[in-house]
>>> print(open('model-v1.cif').read())   # mmCIF, C-alpha atoms and all ligand atoms
data_model
loop_
_atom_site.label_atom_id
_atom_site.label_comp_id
_atom_site.auth_asym_id
_atom_site.auth_seq_id
_atom_site.Cartn_x
_atom_site.Cartn_y
_atom_site.Cartn_z
CA MET A 1 43.46 -24.14 -3.84
CA SER A 2 43.88 -26.44 -0.88
CA ARG A 3 40.88 -28.05 0.66
CA GLU A 4 41.71 -26.67 4.12
CA GLU A 5 41.82 -23.15 2.79
CA CYS A 6 38.42 -23.62 1.19
CA THR A 7 36.66 -24.99 4.25
CA PRO A 8 35.30 -21.74 5.69
CA TYR A 9 34.18 -20.57 2.25
CA ARG A 10 32.63 -23.84 1.22
CA GLU A 11 30.39 -23.66 4.24
CA ASN A 12 28.97 -20.40 2.93
CA LEU A 13 28.44 -21.31 -0.72
CA ALA A 14 24.91 -22.66 -0.41
CA ALA A 15 23.70 -19.66 1.58
CA TYR A 16 25.36 -17.31 -0.89
CA ALA A 17 23.65 -18.99 -3.82
CA LEU A 18 20.27 -18.43 -2.17
CA GLY A 19 21.10 -14.82 -1.33
CA ALA A 20 21.00 -15.66 2.39
CA LEU A 21 24.63 -15.12 3.30
CA ASP A 22 25.00 -12.27 5.76
CA MET A 23 26.69 -9.17 4.39
CA GLU A 24 29.81 -9.42 6.51
CA ASP A 25 30.76 -12.73 4.91
CA VAL A 26 29.94 -11.85 1.32
CA GLN A 27 33.02 -9.91 0.37
CA ALA A 28 35.50 -12.46 1.65
CA LEU A 29 33.68 -15.22 -0.19
CA GLU A 30 33.54 -13.25 -3.42
CA THR A 31 37.26 -12.60 -3.21
CA HIS A 32 37.90 -16.29 -2.67
CA LEU A 33 35.60 -17.23 -5.56
CA GLN A 34 37.67 -15.16 -7.94
CA ARG A 35 40.66 -17.37 -7.21
CA CYS A 36 39.09 -20.75 -6.64
CA ALA A 37 37.63 -22.80 -9.48
CA GLY A 38 36.58 -25.61 -7.12
CA CYS A 39 34.34 -23.34 -5.09
CA ARG A 40 33.00 -21.71 -8.25
CA ALA A 41 31.96 -25.11 -9.54
CA GLU A 42 30.19 -25.99 -6.32
CA LEU A 43 28.49 -22.60 -6.33
CA ALA A 44 27.23 -23.22 -9.86
CA ASP A 45 25.45 -26.33 -8.60
CA TYR A 46 23.75 -24.43 -5.80
CA ARG A 47 22.78 -21.66 -8.18
CA ALA A 48 21.18 -24.24 -10.45
CA ILE A 49 19.14 -25.43 -7.50
CA GLY A 50 18.17 -21.83 -6.77
CA GLU A 51 17.00 -21.42 -10.34
CA GLY A 52 15.08 -24.65 -10.05
CA LEU A 53 13.37 -23.45 -6.90
CA LEU A 54 11.92 -20.52 -8.83
CA ALA A 55 9.87 -22.90 -10.91
CA ALA A 56 9.48 -25.78 -8.48
CA LEU A 57 6.00 -24.82 -7.38
CA PRO A 58 2.66 -26.03 -8.64
CA ARG A 59 1.28 -23.63 -11.24
CA ARG A 60 -1.33 -21.16 -10.08
CA ASP A 61 -3.43 -19.29 -12.61
CA PRO A 62 -3.81 -15.58 -11.87
CA PRO A 63 -7.34 -14.15 -12.03
CA ALA A 64 -8.62 -13.85 -15.60
CA GLY A 65 -9.01 -10.09 -15.31
CA LEU A 66 -5.28 -9.61 -15.06
CA LYS A 67 -4.60 -10.36 -18.71
CA ARG A 68 -7.28 -7.91 -19.78
CA ARG A 69 -5.83 -5.21 -17.56
CA LEU A 70 -2.33 -5.81 -18.88
CA ALA A 71 -3.54 -5.63 -22.46
CA ALA A 72 -5.36 -2.39 -21.70
CA ARG A 73 -2.26 -0.88 -20.14
CA LEU A 74 -0.10 -1.76 -23.10
CA ARG A 75 -2.55 -0.21 -25.53
CA GLY A 76 -2.43 2.98 -23.55
CA SER A 77 1.32 3.13 -23.50
CA GLY A 78 2.56 2.13 -26.95
CA ALA A 79 4.17 5.42 -27.85
CA ARG A 80 6.03 5.82 -24.60
CA ARG A 81 8.51 3.07 -25.19
CA SER A 82 10.88 4.58 -27.65
CA GLY A 83 12.45 7.06 -25.25
CA PHE A 84 15.11 4.84 -23.83
CA SER A 85 14.79 1.96 -26.20
CA MET A 86 17.60 3.16 -28.41
CA TRP A 87 19.87 3.28 -25.45
CA TRP A 88 18.95 -0.25 -24.48
CA SER A 89 19.32 -1.69 -27.93
CA ARG A 90 22.80 -0.18 -28.11
CA VAL A 91 23.63 -1.70 -24.79
CA VAL A 92 22.27 -5.13 -25.51
CA GLY A 93 23.71 -5.20 -28.99
CA ARG A 94 27.14 -4.78 -27.51
CA VAL A 95 27.20 -6.68 -24.27
CA ALA A 96 25.89 -10.06 -23.31
CA TRP A 97 23.47 -10.52 -20.49
CA GLY A 98 25.25 -10.69 -17.17
CA GLN A 99 24.12 -13.70 -15.27
CA VAL A 100 24.80 -12.41 -11.81
CA ALA A 101 21.54 -12.54 -9.98
CA THR A 102 22.36 -9.62 -7.76
CA ALA A 103 22.82 -7.47 -10.81
CA VAL A 104 19.39 -8.38 -12.04
CA ALA A 105 17.99 -7.66 -8.65
CA PHE A 106 19.73 -4.38 -8.47
CA VAL A 107 18.58 -3.09 -11.79
CA LEU A 108 15.04 -4.21 -11.26
CA LEU A 109 14.95 -2.55 -7.91
CA VAL A 110 16.27 0.78 -8.94
CA ALA A 111 15.27 1.16 -12.55
CA ALA A 112 12.72 3.88 -12.94
CA ASN A 113 10.45 1.79 -15.03
CA LEU A 114 8.46 3.94 -17.42
CA LEU A 115 5.50 1.63 -17.26
CA SER A 116 5.68 0.53 -13.70
CA LEU A 117 2.61 0.69 -11.58
CA VAL A 118 4.72 1.63 -8.67
CA GLN A 119 4.00 5.17 -7.76
CA MET A 120 6.56 7.76 -6.85
CA ARG A 121 6.14 7.28 -3.15
CA GLU A 122 6.68 3.58 -3.39
CA LEU A 123 9.67 4.04 -5.60
CA GLN A 124 11.35 6.33 -3.15
CA HIS A 125 10.55 3.92 -0.41
CA GLN A 126 12.05 1.08 -2.41
CA GLN A 127 15.20 3.06 -2.95
CA ALA A 128 15.48 3.72 0.73
CA VAL A 129 14.99 0.04 1.42
CA LEU A 130 17.54 -0.85 -1.19
CA VAL A 131 20.18 1.50 0.09
CA GLU A 132 19.56 0.30 3.58
CA ARG A 133 19.55 -3.34 2.74
CA VAL A 134 22.31 -3.71 0.25
CA GLU A 135 25.67 -2.59 1.39
CA SER A 136 27.31 -0.26 -1.01
CA GLU A 137 30.01 -2.74 -1.98
CA GLN A 138 27.38 -5.15 -3.14
CA VAL A 139 25.71 -2.50 -5.21
CA ALA A 140 29.05 -1.74 -6.82
CA ILE A 141 29.72 -5.39 -7.56
CA ALA A 142 26.26 -5.77 -8.98
CA MET A 143 26.68 -2.72 -11.16
CA LEU A 144 30.07 -3.88 -12.40
CA ALA A 145 28.53 -7.12 -13.53
CA TYR A 146 25.60 -5.48 -15.21
CA PRO A 147 25.89 -4.83 -18.94
CA GLY A 148 25.41 -1.28 -20.09
CA ILE A 149 26.65 0.31 -16.93
CA GLN A 150 28.92 3.18 -17.85
CA SER A 151 32.12 3.64 -15.98
CA VAL A 152 33.20 7.27 -15.81
CA PRO A 153 36.57 8.43 -14.47
CA VAL A 154 36.72 10.55 -11.36
CA ARG A 155 38.62 13.83 -11.65
CA PRO A 156 40.25 14.48 -8.30
CA ASP A 157 40.96 17.97 -7.01
CA ILE A 158 43.32 16.64 -4.35
CA GLU A 159 46.43 14.58 -4.85
CA GLY A 160 46.49 10.81 -4.45
CA VAL A 161 42.77 10.27 -4.95
CA ALA A 162 41.57 8.19 -7.86
CA GLY A 163 38.36 6.48 -8.74
CA GLN A 164 35.56 5.55 -11.06
CA MET A 165 31.86 6.13 -11.03
CA LEU A 166 29.44 3.48 -12.25
CA VAL A 167 26.31 4.96 -13.76
CA ASP A 168 23.13 3.41 -15.06
CA PRO A 169 21.80 6.42 -16.98
CA ASP A 170 18.30 5.06 -16.87
CA GLY A 171 18.34 4.35 -13.16
CA ARG A 172 18.58 6.56 -10.16
CA ILE A 173 21.48 5.00 -8.39
CA ALA A 174 25.16 5.24 -9.15
CA THR A 175 28.18 4.10 -7.22
CA LEU A 176 31.33 6.03 -6.66
CA ILE A 177 34.43 3.92 -6.06
CA LEU A 178 37.25 5.98 -4.63
CA TRP A 179 40.80 5.18 -3.65
CA ASN A 180 42.79 6.98 -0.99
CA MET A 181 40.12 9.39 0.10
CA PRO A 182 41.41 11.17 3.23
CA ARG A 183 39.16 10.99 6.25
CA PRO A 184 37.26 14.22 6.88
CA ARG A 185 38.15 16.26 9.96
CA GLN A 186 36.11 16.01 13.13
CA GLY A 187 32.68 17.55 12.60
CA GLU A 188 32.93 17.33 8.82
CA VAL A 189 31.46 15.01 6.27
CA TYR A 190 31.65 14.59 2.51
CA GLN A 191 28.59 15.37 0.46
CA ALA A 192 27.92 14.31 -3.12
CA TRP A 193 26.09 16.74 -5.43
CA LEU A 194 24.37 15.93 -8.68
CA ILE A 195 24.54 18.72 -11.22
CA ASP A 196 21.46 19.16 -13.37
CA GLU A 197 21.20 20.61 -16.85
CA GLN A 198 20.55 24.10 -15.50
CA GLY A 199 23.62 23.90 -13.30
CA GLY A 200 21.59 23.34 -10.12
CA ARG A 201 23.00 21.13 -7.36
CA VAL A 202 20.99 18.36 -5.80
CA SER A 203 22.33 16.41 -2.83
CA GLY A 204 23.26 12.83 -3.65
CA GLY A 205 23.97 11.88 -0.06
CA LEU A 206 26.62 12.09 2.65
CA PHE A 207 29.53 9.79 3.28
CA THR A 208 32.61 9.32 5.40
CA PRO A 209 35.43 7.04 4.22
CA GLN A 210 36.15 4.43 6.83
CA GLU A 211 39.88 3.87 6.45
CA GLU A 212 42.45 5.98 4.79
CA GLY A 213 44.46 4.39 2.00
CA THR A 214 41.81 1.89 0.96
CA PHE A 215 38.81 2.18 -1.26
CA THR A 216 35.50 3.72 -0.40
CA VAL A 217 32.27 2.83 -2.11
CA VAL A 218 29.50 5.36 -2.04
CA VAL A 219 25.98 4.79 -3.28
CA VAL A 220 24.57 7.96 -4.77
CA ALA A 221 20.79 8.10 -4.89
CA ALA A 222 19.32 10.57 -7.36
CA PRO A 223 15.79 12.01 -7.22
CA ASP A 224 15.51 11.70 -11.03
CA PRO A 225 16.97 9.31 -13.60
CA LEU A 226 20.68 9.99 -13.89
CA GLU A 227 20.40 10.85 -17.57
CA LYS A 228 18.90 14.12 -16.35
CA PHE A 229 22.18 15.11 -14.73
CA THR A 230 25.41 16.22 -16.34
CA GLY A 231 27.85 15.48 -13.57
CA LEU A 232 28.66 15.08 -9.94
CA GLY A 233 30.86 16.81 -7.40
CA VAL A 234 31.93 16.01 -3.86
CA THR A 235 32.53 18.76 -1.29
CA VAL A 236 33.44 18.98 2.37
CA GLU A 237 30.45 19.97 4.47
CA PRO A 238 29.67 20.29 8.15
CA GLN A 239 28.32 17.18 9.90
CA GLY A 240 24.75 16.59 8.84
CA GLY A 241 25.32 18.01 5.35
CA SER A 242 24.24 21.24 3.71
CA PRO A 243 21.28 22.21 1.50
CA ALA A 244 23.77 23.52 -1.12
CA PRO A 245 27.54 23.10 -1.47
CA THR A 246 29.56 25.35 0.87
CA GLY A 247 32.98 23.71 1.31
CA PRO A 248 35.90 23.02 -1.02
CA ARG A 249 35.44 20.50 -3.81
CA LEU A 250 37.40 17.25 -3.60
CA LEU A 251 36.54 15.71 -6.92
CA SER A 252 34.17 15.88 -9.86
CA VAL A 253 32.73 13.51 -12.44
CA ASP A 254 31.43 14.39 -15.92
CA PHE A 255 28.75 11.99 -17.05
CA MET B 1 10.82 -12.83 -27.18
CA ARG B 2 12.42 -10.76 -29.92
CA ARG B 3 8.97 -9.63 -30.97
CA VAL B 4 8.24 -8.54 -27.42
CA ALA B 5 11.48 -6.58 -27.36
CA ARG B 6 10.31 -4.78 -30.48
CA GLY B 7 7.06 -3.90 -28.80
CA ASP B 8 4.74 -6.56 -30.21
CA GLN B 9 1.79 -6.68 -27.84
CA GLU B 10 0.39 -9.87 -29.24
CA ALA B 11 3.67 -11.67 -28.65
CA PHE B 12 3.68 -10.30 -25.14
CA LEU B 13 0.23 -11.69 -24.41
CA GLU B 14 1.32 -15.06 -25.75
CA LEU B 15 4.17 -15.09 -23.27
CA TYR B 16 1.73 -14.12 -20.59
CA GLU B 17 -0.53 -16.98 -21.54
CA ARG B 18 2.36 -19.39 -21.35
CA TYR B 19 4.08 -18.27 -18.17
CA ALA B 20 1.58 -16.38 -16.03
CA ALA B 21 0.73 -19.43 -13.92
CA ARG B 22 4.42 -19.98 -13.13
CA VAL B 23 4.96 -16.36 -12.21
CA HIS B 24 1.80 -16.30 -10.15
CA ALA B 25 2.73 -19.48 -8.30
CA LEU B 26 5.96 -17.83 -7.22
CA THR B 27 4.52 -14.44 -6.23
CA LEU B 28 1.75 -16.19 -4.34
CA ARG B 29 4.24 -18.42 -2.55
CA ILE B 30 6.32 -15.41 -1.52
CA LEU B 31 3.51 -13.04 -0.60
CA GLY B 32 0.88 -15.46 0.63
CA ASP B 33 -1.89 -13.05 -0.28
CA SER B 34 -3.82 -13.25 -3.51
CA MET B 35 -4.30 -9.49 -3.94
CA LEU B 36 -0.63 -8.68 -3.41
CA ALA B 37 0.43 -11.61 -5.53
CA GLU B 38 -1.78 -10.46 -8.37
CA GLU B 39 -0.17 -7.03 -8.27
CA ALA B 40 3.31 -8.52 -8.14
CA THR B 41 2.47 -10.74 -11.10
CA GLN B 42 1.21 -7.73 -13.01
CA ASP B 43 4.33 -5.71 -12.16
CA THR B 44 6.50 -8.61 -13.27
CA PHE B 45 4.91 -8.68 -16.70
CA LEU B 46 5.06 -4.92 -17.04
CA LYS B 47 8.76 -5.13 -16.30
CA LEU B 48 9.06 -7.87 -18.89
CA TRP B 49 7.37 -5.59 -21.39
CA SER B 50 9.56 -2.60 -20.75
CA ARG B 51 12.77 -4.52 -20.21
CA ALA B 52 12.53 -7.27 -22.82
CA ARG B 53 15.74 -6.08 -24.48
CA GLN B 54 17.74 -7.01 -21.44
CA TYR B 55 17.16 -10.66 -22.05
CA VAL B 56 19.77 -12.43 -24.17
CA ALA B 57 18.86 -16.00 -24.98
CA ALA B 58 22.38 -17.39 -25.03
CA ARG B 59 22.91 -16.63 -21.38
CA GLY B 60 20.14 -18.59 -19.75
CA SER B 61 16.57 -19.67 -19.94
CA PHE B 62 13.88 -17.10 -20.45
CA LEU B 63 11.73 -18.56 -17.72
CA THR B 64 14.55 -18.31 -15.18
CA TRP B 65 15.03 -14.69 -16.14
CA LEU B 66 11.34 -13.95 -15.85
CA LEU B 67 11.00 -15.77 -12.53
CA THR B 68 14.03 -13.96 -11.16
CA ILE B 69 12.21 -10.72 -11.93
CA ALA B 70 9.10 -12.12 -10.28
CA ARG B 71 10.99 -13.19 -7.17
CA HIS B 72 12.55 -9.79 -6.67
CA THR B 73 9.32 -7.97 -7.40
CA ALA B 74 7.48 -10.07 -4.84
CA LEU B 75 10.23 -9.82 -2.22
CA ASP B 76 10.33 -6.04 -2.62
CA ARG B 77 6.61 -5.98 -2.11
CA LEU B 78 6.90 -8.22 0.93
CA ARG B 79 9.36 -5.79 2.50
CA LEU B 80 7.35 -2.77 1.46
CA GLU B 81 4.29 -4.17 3.16
CA GLY B 82 6.34 -5.08 6.21
CA ARG B 83 4.94 -8.58 6.04
CA ARG B 84 6.54 -11.56 7.67
CA PRO B 85 7.61 -14.24 5.25
CA LEU B 86 5.46 -17.33 5.19
CA LEU B 87 6.84 -20.18 7.23
CA SER B 88 5.38 -22.75 4.93
CA CYS B 89 2.76 -23.12 2.31
CA GLU B 90 0.39 -26.03 2.30
CA ASP B 91 -1.20 -26.73 -1.01
CA ASP B 92 -2.32 -29.77 -2.81
CA PRO B 93 0.26 -30.57 -5.45
CA GLU B 94 -1.68 -33.32 -7.17
CA GLU B 95 -4.25 -31.23 -8.95
CA THR B 96 -1.87 -28.51 -10.07
CA TRP B 97 1.03 -30.42 -11.61
CA ASN B 98 -0.63 -31.11 -14.90
CA SER B 99 -1.49 -29.70 -18.31
CA LEU B 100 1.81 -29.97 -20.12
CA PRO B 101 1.61 -28.21 -23.47
CA ASP B 102 4.56 -29.84 -25.26
CA GLU B 103 7.40 -32.26 -24.75
CA GLN B 104 10.10 -29.76 -23.83
CA THR B 105 7.82 -28.17 -21.29
CA ALA B 106 6.83 -31.60 -20.06
CA SER B 107 10.40 -32.57 -19.30
CA ASP B 108 11.09 -29.25 -17.59
CA GLU B 109 7.93 -29.67 -15.59
CA ALA B 110 9.01 -33.12 -14.57
CA ARG B 111 12.30 -31.76 -13.29
CA TRP B 112 10.65 -28.98 -11.32
CA ARG B 113 8.12 -31.36 -9.92
CA SER B 114 10.88 -33.64 -8.73
CA LEU B 115 12.65 -30.69 -7.11
CA TYR B 116 9.40 -29.62 -5.48
CA PHE B 117 9.00 -33.05 -3.96
CA ALA B 118 12.67 -33.24 -3.02
CA VAL B 119 12.20 -30.02 -1.04
CA ARG B 120 9.08 -31.40 0.59
CA ALA B 121 10.93 -34.55 1.54
CA LEU B 122 13.58 -32.61 3.46
CA PRO B 123 13.38 -32.75 7.24
CA GLU B 124 10.98 -30.02 8.36
CA GLU B 125 13.67 -27.91 10.03
CA GLN B 126 15.82 -27.94 6.88
CA ARG B 127 12.93 -27.14 4.61
CA GLN B 128 11.97 -24.14 6.72
CA VAL B 129 15.42 -22.65 6.37
CA ILE B 130 15.49 -23.07 2.61
CA GLU B 131 12.03 -21.59 2.23
CA LEU B 132 12.65 -18.61 4.49
CA ALA B 133 15.88 -17.88 2.66
CA TYR B 134 14.61 -18.18 -0.86
CA TYR B 135 10.92 -17.44 -0.74
CA GLY B 136 11.21 -15.18 2.30
CA GLY B 137 14.30 -13.26 1.24
CA LEU B 138 15.86 -13.57 4.70
CA SER B 139 19.53 -13.84 5.55
CA GLN B 140 20.77 -16.63 7.79
CA SER B 141 20.92 -14.39 10.85
CA GLN B 142 17.38 -13.13 10.18
CA ILE B 143 16.22 -16.72 9.91
CA ALA B 144 17.91 -17.49 13.22
CA GLU B 145 15.97 -14.63 14.76
CA VAL B 146 12.62 -15.62 13.25
CA LEU B 147 12.93 -19.24 14.26
CA GLY B 148 14.72 -18.63 17.56
CA TRP B 149 17.55 -20.95 16.64
CA PRO B 150 21.29 -20.39 17.06
CA LEU B 151 22.88 -19.00 13.91
CA GLY B 152 25.19 -22.01 13.68
CA THR B 153 22.18 -24.31 13.58
CA VAL B 154 20.62 -22.32 10.74
CA LYS B 155 23.85 -22.48 8.76
CA THR B 156 24.23 -26.21 9.28
CA ARG B 157 20.65 -26.93 8.27
CA LEU B 158 20.72 -24.72 5.20
CA ARG B 159 23.88 -26.34 4.01
CA ALA B 160 22.65 -29.85 4.73
CA ALA B 161 19.45 -29.14 2.82
CA MET B 162 21.27 -27.79 -0.20
CA GLN B 163 23.69 -30.69 -0.22
CA THR B 164 20.78 -33.12 -0.17
CA LEU B 165 19.09 -31.33 -3.05
CA ARG B 166 22.37 -31.23 -4.92
CA ALA B 167 22.88 -34.95 -4.51
CA GLN B 168 19.29 -35.88 -5.30
CA TRP B 169 18.28 -33.46 -7.96
CA LEU B 170 21.27 -32.37 -9.97
CA PRO B 171 22.53 -34.79 -12.60
CA GLN B 172 25.47 -36.78 -11.29
CA LYS B 173 28.84 -35.75 -12.62
CA ASP B 174 31.72 -38.07 -13.37
CA GLU B 175 34.48 -36.11 -11.74
CA ASN B 176 35.47 -36.53 -8.15
CA PRO B 177 33.10 -34.09 -6.47
CA LYS B 178 34.57 -33.01 -3.16
CA GLY B 179 37.03 -30.40 -4.33
CA ALA B 180 39.95 -32.70 -5.08
CA LEU B 181 42.08 -30.96 -7.68
ZN ZN C 301 37.76 -22.66 -2.64
#
>>> encode(input="model-v1.cif", output="structure tokens")
Amino acid sequence: MSREECTPYRENLAAYALGALDMEDVQALETHLQRCAGCRAELADYRAIGEGLLAALPRRDPPAGLKRRLAARLRGSGARRSGFSMWWSRVVGRVAWGQVATAVAFVLLVAANLLSLVQMRELQHQQAVLVERVESEQVAIAMLAYPGIQSVPVRPDIEGVAGQMLVDPDGRIATLILWNMPRPRQGEVYQAWLIDEQGGRVSGGLFTPQEEGTFTVVVVAAPDPLEKFTGLGVTVEPQGGSPAPTGPRLLSVDF
Amino acid sequence: MRRVARGDQEAFLELYERYAARVHALTLRILGDSMLAEEATQDTFLKLWSRARQYVAARGSFLTWLLTIARHTALDRLRLEGRRPLLSCEDDPEETWNSLPDEQTASDEARWRSLYFAVRALPEEQRQVIELAYYGGLSQSQIAEVLGWPLGTVKTRLRAAMQTLRAQWLPQKDENPKGAL
């Protein structure tokens, strides 16, 4: 890779390593990084500094009561762990830990932590913040890098469309990556539906592909952990969405 | 760590004993409020407890992993509370950089301490940018807004700061650094 070609990207590497690069520049840089070992090496240095900055603060002891409270919480929760632990041990036994910081961030943000103090309201708020803050492409990239994410093929009902869905069964967010989705007609929008075990449909959000012939990334936010759902469908709905599916189905996914 | 992943509470509390002050330093730096920081520290360790299986030793240091959790937990909390990130944090480093349990820890501590002082030695306007980005979770354009500087200035200062830290703090490599292939 020539030095001239790298110049605009090199200028962004340090900000990217600190998570401070503005969204609009992230994708171009990530594409360049895939091809350019020189920039990857420089990025690794900045990442090392970022990791150093996590610990480069004088130690501060938390109040003594905190340890007692933690111990009390663990005693009260021992039996609740095994639910998803088998799933995790399978995952971790198979795949190595992905080092991409965004992936860690993503999973920590969205995982419905069984033991978390965060109450439902806060969790929903966090999801809203997450969806707002992180552009869907970044979520998809993060999920791709994260071990244990399941990739499920999309079954299109219309010709030319293809795609994959990335699912963290334990979490509440999945991403749908679609190729060649046609743009909806004026006054229409696409709506994703999560299908629960009883066959009920829960809205997973609205979306409109931006450009025909390219890929569309949709973040689907579920009200419950995704393991509670058996699949997903996308239908055409009037602008603003519907409380239940009314239009023709464009595609489906079986989890 | 393996014991924690299997659900060993005693092992968990040992990890707490060892790392709580590091985690708390970070959550306190990000949140600037002792109550919120305490909650973020607690949430971090609860996440460690429930997510211990995610950690695979070969791929990086445990402390980095734990502190990454702590950073995101605290930044989420910062946003949830709608708080402004701290511009800077004045504390007395002398009394707190001490008590080094063993040699490995001592050498790590020495490296972090040197990074801490390298950051403090940056020109004020560069240090602010680094701190708002990393401990404030802001993007460059948000930093420009907060500080009332042109975006280009923020970018230049962030990059200059990181290049200084790279030159001063990272071990020197033999190869020709500036991208010559
Ligand atoms: Zn390059």
>>> residues_near_ligand(input="model-v1.cif", ligand="ligand ZN 301 (chain C)", cutoff="10 Å", atoms="all atoms listed in the file", output="number ranges by chain")
A: 1-10, 13, 29, 32-43; B: 179
>>> closest_atom_pairs(input="model-v1.cif", of="chain B", to="chain A", cutoff="7 Å", atoms="only C-alpha atoms", output="Markdown table")
| residue | atom | partner | partner_atom | distance |
| --- | --- | --- | --- | --- |
| B:Ala20 | CA | A:Asp61 | CA | 6.7 |
| B:Ala21 | CA | A:Asp61 | CA | 4.4 |
| B:Arg22 | CA | A:Arg59 | CA | 5.2 |
| B:His24 | CA | A:Arg60 | CA | 5.8 |
| B:Ala25 | CA | A:Arg60 | CA | 4.7 |
| B:Leu26 | CA | A:Leu54 | CA | 6.7 |
| B:Glu38 | CA | A:Pro62 | CA | 6.5 |
| B:Asp43 | CA | A:Ser116 | CA | 6.6 |
| B:Leu46 | CA | A:Ser116 | CA | 6.4 |
| B:Lys47 | CA | A:Ser116 | CA | 6.9 |
| B:Ser50 | CA | A:Leu115 | CA | 6.8 |
| B:Arg53 | CA | A:Ser89 | CA | 6.6 |
| B:Gln54 | CA | A:Val92 | CA | 6.4 |
| B:Tyr55 | CA | A:Trp97 | CA | 6.5 |
| B:Val56 | CA | A:Trp97 | CA | 5.6 |
| B:Arg59 | CA | A:Trp97 | CA | 6.2 |
| B:Thr64 | CA | A:Glu51 | CA | 6.3 |
| B:Leu67 | CA | A:Leu54 | CA | 6.1 |
| B:His72 | CA | A:Ala105 | CA | 6.2 |
| B:Pro93 | CA | A:Pro58 | CA | 6.0 |
| B:Thr96 | CA | A:Pro58 | CA | 5.4 |
| B:Trp97 | CA | A:Pro58 | CA | 5.5 |
| B:Trp112 | CA | A:Ala56 | CA | 4.4 |
| B:Arg113 | CA | A:Ala56 | CA | 5.9 |
| B:Leu115 | CA | A:Ala56 | CA | 6.0 |
| B:Tyr116 | CA | A:Ala56 | CA | 4.9 |
| B:Ala133 | CA | A:Ala20 | CA | 5.6 |
| B:Tyr134 | CA | A:Leu18 | CA | 5.8 |
| B:Leu138 | CA | A:Ala20 | CA | 6.0 |
| B:Ser139 | CA | A:Ala20 | CA | 3.9 |
| B:Gln140 | CA | A:Ala20 | CA | 5.5 |
| B:Ser141 | CA | A:Asp22 | CA | 6.9 |
| B:Leu158 | CA | A:Ala15 | CA | 6.9 |
| B:Arg159 | CA | A:Ala14 | CA | 5.8 |
| B:Met162 | CA | A:Ala14 | CA | 6.3 |
| B:Arg166 | CA | A:Asp45 | CA | 6.9 |
| B:Gly179 | CA | A:Gly38 | CA | 5.6 |
>>> write_last_selection(input="model-v1.cif", atoms="C-alpha atoms", output="CSV table (one decimal), in the frame of the given file")
chain,number,residue,atom,x,y,z
B,20,ALA,CA,1.6,-16.4,-16.0
B,21,ALA,CA,0.7,-19.4,-13.9
B,22,ARG,CA,4.4,-20.0,-13.1
B,24,HIS,CA,1.8,-16.3,-10.2
B,25,ALA,CA,2.7,-19.5,-8.3
B,26,LEU,CA,6.0,-17.8,-7.2
B,38,GLU,CA,-1.8,-10.5,-8.4
B,43,ASP,CA,4.3,-5.7,-12.2
B,46,LEU,CA,5.1,-4.9,-17.0
B,47,LYS,CA,8.8,-5.1,-16.3
B,50,SER,CA,9.6,-2.6,-20.8
B,53,ARG,CA,15.7,-6.1,-24.5
B,54,GLN,CA,17.7,-7.0,-21.4
B,55,TYR,CA,17.2,-10.7,-22.0
B,56,VAL,CA,19.8,-12.4,-24.2
B,59,ARG,CA,22.9,-16.6,-21.4
B,64,THR,CA,14.6,-18.3,-15.2
B,67,LEU,CA,11.0,-15.8,-12.5
B,72,HIS,CA,12.6,-9.8,-6.7
B,93,PRO,CA,0.3,-30.6,-5.4
B,96,THR,CA,-1.9,-28.5,-10.1
B,97,TRP,CA,1.0,-30.4,-11.6
B,112,TRP,CA,10.6,-29.0,-11.3
B,113,ARG,CA,8.1,-31.4,-9.9
B,115,LEU,CA,12.6,-30.7,-7.1
B,116,TYR,CA,9.4,-29.6,-5.5
B,133,ALA,CA,15.9,-17.9,2.7
B,134,TYR,CA,14.6,-18.2,-0.9
B,138,LEU,CA,15.9,-13.6,4.7
B,139,SER,CA,19.5,-13.8,5.6
B,140,GLN,CA,20.8,-16.6,7.8
B,141,SER,CA,20.9,-14.4,10.8
B,158,LEU,CA,20.7,-24.7,5.2
B,159,ARG,CA,23.9,-26.3,4.0
B,162,MET,CA,21.3,-27.8,-0.2
B,166,ARG,CA,22.4,-31.2,-4.9
B,179,GLY,CA,37.0,-30.4,-4.3
>>> residues_around(input="model-v1.cif", residues="segment 3-14 of chain B", least_positions_apart="2", cutoff="7 Å", atoms="all atoms listed in the file", output="ChimeraX atom specification")
/B:1,16-18,49,52-53
>>> residues_around(input="model-v1.cif", residues="Leu147 of chain B", least_positions_apart="2", cutoff="12 Å", atoms="all atoms listed in the file", output="list in words")
Arg84, Pro85, Leu86, Leu87, Glu125, Gln126, Gln128, Val129, Leu132, Leu138, Gln140, Ser141, Gln142, Ile143, Ala144, Glu145, Trp149, Pro150, Leu151, Thr153 and Val154 of chain B
>>> atom_distance(input="model-v1.cif", atom1="atom CA of Pro225 of chain A", atom2="atom CA of Trp193 of chain A")
14.3 Å
>>> residues_around(input="model-v1.cif", residues="Gln239 of chain A", least_positions_apart="3", cutoff="6 Å", atoms="all atoms listed in the file", output="MDAnalysis selection string")
chainID A and resid 187:189
>>> write_last_selection(input="model-v1.cif", atoms="C-alpha atoms", output="compact mmCIF listing (two decimals), in the coordinates of the input")
# COMPACT_ATOMS: atom_id res chain seq x y z
CA GLY A 187 32.68 17.55 12.60
CA GLU A 188 32.93 17.33 8.82
CA VAL A 189 31.46 15.01 6.27
>>> atom_distance(input="model-v1.cif", atom1="atom CA of Pro156 of chain A", atom2="atom CA of Ser252 of chain A")
6.4 Å
>>> closest_residue(input="model-v1.cif", among="B:Thr41, B:Phe62, B:Ala161, B:Tyr19", to="Glu131 of chain B", atoms="all atoms listed in the file")
B:Ala161
